[in-house]
$ cat model-v2.txt   # compact mmCIF, C-alpha atoms
# COMPACT_ATOMS: atom_id res chain seq x y z
CA MET A 686 -22.72 117.64 -58.42
CA ASN A 687 -23.67 113.98 -58.31
CA PRO A 688 -20.66 111.61 -58.13
CA SER A 689 -21.96 109.73 -61.18
CA GLN A 690 -21.83 112.99 -63.18
CA ILE A 691 -18.14 113.62 -62.51
CA SER A 692 -16.00 112.97 -65.56
CA HIS A 693 -12.60 111.55 -64.75
CA PRO A 694 -9.53 111.41 -66.97
CA PRO A 695 -8.86 108.01 -68.58
CA ILE A 696 -6.01 107.25 -66.18
CA TYR A 697 -8.43 107.50 -63.28
CA GLU A 698 -10.75 104.92 -64.89
CA ARG A 699 -7.80 102.57 -65.38
CA LEU A 700 -6.68 103.00 -61.77
CA VAL A 701 -10.20 102.27 -60.56
CA ARG A 702 -10.22 99.05 -62.58
CA GLU A 703 -6.79 98.05 -61.27
CA ARG A 704 -6.95 99.20 -57.64
CA GLY A 705 -10.64 99.70 -56.87
CA ASP A 706 -12.49 102.94 -56.30
CA VAL A 707 -10.66 104.23 -53.24
CA LEU A 708 -12.57 107.52 -53.23
CA ALA A 709 -15.96 105.77 -53.14
CA GLU A 710 -14.74 103.40 -50.41
CA THR A 711 -13.38 106.33 -48.41
CA ARG A 712 -16.65 108.20 -48.79
CA THR A 713 -18.60 105.16 -47.55
CA VAL A 714 -16.35 104.70 -44.53
CA ALA A 715 -16.58 108.42 -43.71
CA GLU A 716 -20.40 108.28 -43.84
CA GLN A 717 -20.44 105.21 -41.58
CA THR A 718 -18.08 106.94 -39.15
CA GLN A 719 -20.29 110.03 -39.07
CA HIS A 720 -23.34 107.87 -38.39
CA GLU A 721 -21.57 106.04 -35.55
CA ALA A 722 -20.32 109.33 -34.09
CA ARG A 723 -23.85 110.77 -34.14
CA GLN A 724 -25.13 107.69 -32.31
CA ALA A 725 -22.30 107.81 -29.77
CA LEU A 726 -22.88 111.50 -29.10
CA ASP A 727 -26.68 111.28 -28.97
CA TRP A 728 -27.65 112.07 -25.40
CA SER A 729 -31.40 112.25 -26.07
CA GLY A 730 -32.00 108.84 -24.43
CA VAL A 731 -30.16 109.96 -21.31
CA ARG A 732 -32.18 113.18 -21.17
CA ARG A 733 -35.46 111.24 -21.49
CA ALA A 734 -34.42 108.87 -18.69
CA HIS A 735 -33.45 111.82 -16.50
CA MET A 736 -36.82 113.47 -17.15
CA ARG A 737 -38.62 110.24 -16.14
CA ASP A 738 -36.55 110.05 -12.95
CA GLU A 739 -37.48 113.64 -12.04
CA ASP A 740 -41.16 112.84 -12.51
CA SER A 741 -41.02 109.86 -10.12
CA TYR A 742 -41.35 110.13 -6.35
CA SER A 743 -38.16 110.52 -4.38
CA ALA A 744 -38.02 110.03 -0.61
CA PHE A 745 -35.16 112.53 -0.47
CA GLY A 746 -36.56 115.32 -2.60
$ encode --input "model-v2.txt" --output "structure tokens"
Amino acid sequence: MNPSQISHPPIYERLVRERGDVLAETRTVAEQTQHEARQALDWSGVRRAHMRDEDSYSAFG
């Protein structure tokens, strides 16, 4: 279900007007955190660098 399709009771609409849409803000922060976590845990760049190092000449190997 799309968030814009959710029908909220009138008190919810009033609270959103008074306090802001905490659920939408929370959702946005959670998505940003997930994105940052994916970037922090992305080891693909390290793997590519390691593969390049293995392809180069080593005097010890």
$ atom_distance --input "model-v2.txt" --atom1 "atom CA of Gln719 of chain A" --atom2 "atom CA of Glu703 of chain A"
28.6 Å
$ atom_distance --input "model-v2.txt" --atom1 "atom CA of His693 of chain A" --atom2 "atom CA of Ala709 of chain A"
13.4 Å
$ atom_distance --input "model-v2.txt" --atom1 "atom CA of Gln717 of chain A" --atom2 "atom CA of Val731 of chain A"
23.0 Å
$ residues_around --input "model-v2.txt" --residues "Tyr697 of chain A" --least-positions-apart "6" --cutoff "12 Å" --atoms "only C-alpha atoms" --output "PyMOL selection string"
chain A and resi 691+703-708
$ write_last_selection --input "model-v2.txt" --atoms "C-alpha atoms" --output "PDB file, in the coordinates of the input"
ATOM      1  CA  ILE A 691     -18.140 113.620 -62.510  1.00  0.00           C
ATOM      2  CA  GLU A 703      -6.790  98.050 -61.270  1.00  0.00           C
ATOM      3  CA  ARG A 704      -6.950  99.200 -57.640  1.00  0.00           C
ATOM      4  CA  GLY A 705     -10.640  99.700 -56.870  1.00  0.00           C
ATOM      5  CA  ASP A 706     -12.490 102.940 -56.300  1.00  0.00           C
ATOM      6  CA  VAL A 707     -10.660 104.230 -53.240  1.00  0.00           C
ATOM      7  CA  LEU A 708     -12.570 107.520 -53.230  1.00  0.00           C
TER       8      LEU A 708
END
